[in-house]
Amino acid sequence: MIYEGKAITVKALEGGIVELKFDLKGESVNKFNRLTLNELRGAVEAIKADASVKGVIVSSGKDVFIVGADITEFVENFQLPDEELMAGNLEANKIFSAFEDLEVPTVAAINGIALGGGLEMCLAADYRVMSVNAKIGLPEVKLGIYPGFGGTVRLPRIIGTDNAIEWIASGKENNAEDALKVGAVDAVVAPELLQAGALDLVKRAIVGELDFKAKRKPKLEKLKLNAIEQMMAFETAKGFVAGQAGPNYPAPVEAIKTIQKAANFGRDKALEVEAAGFVKLAKTPVAASLIGLFLNDQELKKKAKYYDEAAKEVKLAAVLGAGIMGGGIAYQSAVKGTPILMKDIREEAIQLGLNEASKLLDKRVSRGKLSATKMAQALNAIRPTLSYGDFANVDIVVEAVVENPKVKQAVLAEVEGVVKEDAILTSNTSTISISLLAKALKRPENFCGMHFFNPVHMMPLVEVIRGEKSGETAIATTVAYAKKMGKTPIVVNDCPGFLVNRVLFPYFGGFSKLLGFGVDFVRIDKVMETFGWPMGPAYLSDVVGIDTGHHGRDVMAEGFPDRMAVEGKTAVDAMYEANRLGQKNGKGFYSYEMDKRGKPKKVTDPAAYEVLKPIVIEQREVTDEDIINFMMIPLCLETVRCLEDGIVATAAEADMGLIYGIGFPPFRGGALRYIDSIGVAEFVALADKYADLGALYHPTAKLREMAKNGQKFFG
């Protein structure tokens, strides 16, 4: 053994060839933490000092190669002063450069995922052999930063500027075929041939058949582009990427600027340019929010894993109520490998559900995401039925009939009578109390909520709702089934609207107040879209359905009369009475026409303004900042209340629920992180400025306490 540590070992293989193996003890994956970086330095020094070494293979003892840097350690570093952060970054880069500068040929054997720092390690090697199953990429922009271990320097010099910009600015993972095509790797082999392939390359380099010094040279020099080629490559890319990323995500464009700035320098100076830009991005609120989201997501995954032990296996599922929603649920279950019965009482509803599922499958086939065989398998896994004949073998049922407590209770009681004793029943309700629905059941412990968001195939969140009598097995099985469907489940406690709708309706309450003061809804939409929402509140109301919003608002007003009940007629009432129901009947706040691709396109409609005239109580001048505060303060305060009331267990889950469920702007990190970014005391003072608007704007006593003590939601 030439070197032995807790993360890295170096041992002799044959004929002067050594294997530098990453295998971080006590972890399921390899990652670059302080320990691994320090050991890499030690391992490289040991190789350098051993005159018998003629070549190096870099490998992994895990299923993955290296997943990247340890984000938790990174976040701590981001708090350091700029100079310290930059010095630390350059120190880490010296280790990769020392490996790259070894006097012998080096080959990375990529057996599994190599992302971020994992790929940057491979780029420092002379040659790369990749298993056909592996994936590589530089996903740092998804965290609001860009590669910091030499990725912006080495990748353009290996695969060319255009390819490197595409890889870095998109942050996507690339398969072996694509990696080979652009020259990111030198060979692709079957997993069992990886070691042999790496050995073959290093031996050929040792005997001089391959010139490893010539292969290495471009990585040490400036980019091979003249001034005009540089201008064309970088300026075009910046314009295109800025359009794709939007103004709220600076990292992709900053990455291009860094590659451009470093284009005329050799490696070491180029690495300094990368480090300076990296420090700048690391200090942005966007990076703080996106890294926070990543950590929240990890926390959610850990929680969902905890339920795995108590969950029962779901071999066959069922959905009650076909149509668009039922069809979406059936599609999601079938495409992820769980066969599902789709029951309805009407043949045309079944047809609608099947059409929805086939349409979604067709789309995946046409995009090359699914083979025709897999599509046929998925369609065969959806079994339409008008009777309960096959329900004896069902493990879990998702009830998705109309949003009416009496109808839901009748259907749930009926299905409970035909399924096996331990089958789990769930209700896809958006507002109705799970404890109330459970009153119709003989086995309420086997029942909980499973709230999907529309459209089911696109929205990542599923709220799993714990009623008063829901048992642990019911919750755990529903969480596991949601995970198997490719969704992110969040367990919440029962209350009107649960988490997401309970928080969304105060946001609409703020919208309603603005309309009552005569503010143009088109202006409100524009301001909130600029703030970062995927669509403004008027457009969102139309997409959700004015009737759905009208019904939900009544449920919420009954549940929380002190702050959600309204006096007099609102904009939603006026639209509802005028039968302007939104996209579903072609007119709401906007009117809808079909575009060339057959999708509804919104256009402003003077008739909508006529409908809204009677609800204006006074004309009030409001700034764009007022519009944001009118909308955001109630949403944030209701999120605080959900956390205080124990509806959701953690701040992380509350924020992720809003990001995954209603498209809260990810670069702002969620409602509680948004409060943190303003400062809790400053947020309370801001809310107090709008106190005359009613109880939705009044901070809780506990939040005032937090403000007084200088506390935050996220440490």
# chains A, B, ... in the order shown; residues from 1 in each chain; ligands from 1

call {"tool": "residues_around", "arguments": {"residues": "A:Ile168", "least_positions_apart": "3", "cutoff": "8 Å", "atoms": "only C-alpha atoms", "output": "PyMOL selection string"}}
result
chain A and resi 137-141+146-147+152+164-165+171-172+252+255

call {"tool": "residues_around", "arguments": {"residues": "A:Phe630", "least_positions_apart": "2", "cutoff": "9 Å", "atoms": "only C-alpha atoms", "output": "number ranges by chain"}}
result
A: 507, 509-511, 513-514, 625-628, 632-634, 690, 693, 697

call {"tool": "closest_residue", "arguments": {"among": "A:Phe294, A:Gly246, A:Ile678, A:Ser60", "to": "A:Lys142", "atoms": "only C-alpha atoms"}}
result
A:Phe294

call {"tool": "residues_around", "arguments": {"residues": "stretch 393-408 of chain A", "least_positions_apart": "2", "cutoff": "8 Å", "atoms": "only C-alpha atoms", "output": "ChimeraX atom specification"}}
result
/A:313-322,325-326,390-391,410-412,419-420,422-430,432,437,450,478

call {"tool": "write_last_selection", "arguments": {"atoms": "N, CA and C atoms", "output": "short mmCIF file (atom, residue, chain, number, x, y, z; two decimals), in the first residue's frame"}}
result
data_model
loop_
_atom_site.label_atom_id
_atom_site.label_comp_id
_atom_site.auth_asym_id
_atom_site.auth_seq_id
_atom_site.Cartn_x
_atom_site.Cartn_y
_atom_site.Cartn_z
N GLU A 313 -45.92 -2.99 0.83
CA GLU A 313 -45.65 -2.97 -0.61
C GLU A 313 -46.95 -2.73 -1.38
N VAL A 314 -46.88 -1.88 -2.39
CA VAL A 314 -48.05 -1.64 -3.25
C VAL A 314 -47.80 -2.32 -4.59
N LYS A 315 -48.51 -3.45 -4.79
CA LYS A 315 -48.35 -4.17 -6.06
C LYS A 315 -49.44 -3.77 -7.05
N LEU A 316 -50.61 -3.39 -6.49
CA LEU A 316 -51.73 -2.97 -7.36
C LEU A 316 -52.43 -1.79 -6.69
N ALA A 317 -52.62 -0.72 -7.46
CA ALA A 317 -53.31 0.46 -6.95
C ALA A 317 -54.64 0.61 -7.66
N ALA A 318 -55.47 1.55 -7.18
CA ALA A 318 -56.73 1.85 -7.87
C ALA A 318 -57.01 3.33 -7.72
N VAL A 319 -57.62 3.93 -8.73
CA VAL A 319 -58.07 5.31 -8.64
C VAL A 319 -59.58 5.32 -8.89
N LEU A 320 -60.31 6.02 -8.02
CA LEU A 320 -61.77 6.12 -8.18
C LEU A 320 -62.08 7.49 -8.78
N GLY A 321 -62.75 7.49 -9.91
CA GLY A 321 -63.01 8.75 -10.61
C GLY A 321 -61.98 8.87 -11.71
N ALA A 322 -62.42 8.74 -12.95
CA ALA A 322 -61.47 8.80 -14.08
C ALA A 322 -61.32 10.28 -14.48
N MET A 325 -58.07 14.23 -13.98
CA MET A 325 -57.28 14.00 -12.76
C MET A 325 -57.00 12.50 -12.59
N GLY A 326 -58.05 11.70 -12.67
CA GLY A 326 -57.90 10.24 -12.52
C GLY A 326 -56.96 9.67 -13.57
N ASP A 390 -62.52 -6.33 -9.51
CA ASP A 390 -61.11 -6.69 -9.29
C ASP A 390 -60.49 -6.05 -8.04
N PHE A 391 -61.32 -5.43 -7.21
CA PHE A 391 -60.77 -4.65 -6.11
C PHE A 391 -60.27 -5.47 -4.92
N ALA A 410 -69.56 8.78 0.72
CA ALA A 410 -70.33 7.64 0.19
C ALA A 410 -69.42 6.72 -0.62
N VAL A 411 -68.59 7.29 -1.47
CA VAL A 411 -67.69 6.49 -2.32
C VAL A 411 -66.66 5.74 -1.47
N LEU A 412 -66.09 6.43 -0.47
CA LEU A 412 -65.08 5.80 0.39
C LEU A 412 -65.68 4.64 1.20
N VAL A 419 -62.69 -3.85 -0.58
CA VAL A 419 -61.24 -4.11 -0.57
C VAL A 419 -60.88 -4.99 0.62
N LYS A 420 -59.65 -5.55 0.60
CA LYS A 420 -59.22 -6.38 1.73
C LYS A 420 -59.05 -5.52 2.99
N ASP A 422 -56.71 -4.87 5.06
CA ASP A 422 -55.55 -3.99 5.30
C ASP A 422 -55.24 -3.06 4.14
N ALA A 423 -56.16 -2.94 3.17
CA ALA A 423 -55.93 -2.01 2.06
C ALA A 423 -55.95 -0.57 2.58
N ILE A 424 -55.11 0.26 2.01
CA ILE A 424 -55.04 1.67 2.42
C ILE A 424 -55.96 2.49 1.50
N LEU A 425 -56.80 3.34 2.13
CA LEU A 425 -57.66 4.24 1.35
C LEU A 425 -57.12 5.66 1.49
N THR A 426 -57.11 6.39 0.38
CA THR A 426 -56.66 7.79 0.43
C THR A 426 -57.65 8.66 -0.34
N SER A 427 -57.68 9.94 0.00
CA SER A 427 -58.55 10.87 -0.74
C SER A 427 -57.70 11.98 -1.34
N ASN A 428 -57.88 12.19 -2.66
CA ASN A 428 -57.20 13.30 -3.33
C ASN A 428 -58.09 14.53 -3.19
N THR A 429 -58.17 15.04 -1.97
CA THR A 429 -58.97 16.25 -1.76
C THR A 429 -58.03 17.43 -1.59
N SER A 430 -58.48 18.61 -2.01
CA SER A 430 -57.60 19.78 -1.87
C SER A 430 -57.99 20.61 -0.66
N ILE A 432 -61.02 19.42 1.79
CA ILE A 432 -61.95 18.82 2.77
C ILE A 432 -61.18 18.07 3.86
N LEU A 437 -63.91 13.18 6.61
CA LEU A 437 -64.18 12.10 5.66
C LEU A 437 -64.06 10.73 6.34
N MET A 450 -54.24 12.07 0.18
CA MET A 450 -53.14 12.02 -0.80
C MET A 450 -53.47 13.05 -1.87
N THR A 478 -48.55 5.36 1.96
CA THR A 478 -48.90 6.43 1.01
C THR A 478 -47.66 7.23 0.61
#

call {"tool": "closest_atom_pairs", "arguments": {"of": "stretch 201-310 of chain A", "to": "stretch 70-89 of chain A", "cutoff": "8 Å", "atoms": "only C-alpha atoms", "output": "CSV"}}
result
residue,atom,partner,partner_atom,distance
A:Ala275,CA,A:Met86,CA,5.9
A:Ala276,CA,A:Met86,CA,6.5
A:Val279,CA,A:Met86,CA,6.3
A:Ala282,CA,A:Phe78,CA,6.1
A:Lys283,CA,A:Phe78,CA,6.6
A:Ile291,CA,A:Ile71,CA,7.8
A:Leu295,CA,A:Thr72,CA,7.9

call {"tool": "residues_around", "arguments": {"residues": "A:Pro250", "least_positions_apart": "4", "cutoff": "10 Å", "atoms": "only C-alpha atoms", "output": "VMD selection string"}}
result
chain A and resid 141 144 to 145 241 to 242 245 to 246 254 to 255 281 284 286 to 287

call {"tool": "closest_residue", "arguments": {"among": "A:Ile675, A:Cys636, A:Leu696, A:Thr548", "to": "A:Gln711", "atoms": "only C-alpha atoms"}}
result
A:Ile675

call {"tool": "residues_around", "arguments": {"residues": "A:Ala46", "least_positions_apart": "2", "cutoff": "12 Å", "atoms": "only C-alpha atoms", "output": "list in words"}}
result
Met1, Ile2, Tyr3, Glu4, Gly5, Ile8, Thr9, Val10, Lys11, Val18, Leu20, Glu39, Leu40, Arg41, Gly42, Ala43, Val44, Lys48, Ala49, Asp50, Ala51, Ser52, Val53, Ala98, Phe99 and Leu102 of chain A

call {"tool": "closest_residue", "arguments": {"among": "A:Ala187, A:Leu386, A:Val202, A:Leu379", "to": "A:Glu348", "atoms": "only C-alpha atoms"}}
result
A:Leu386
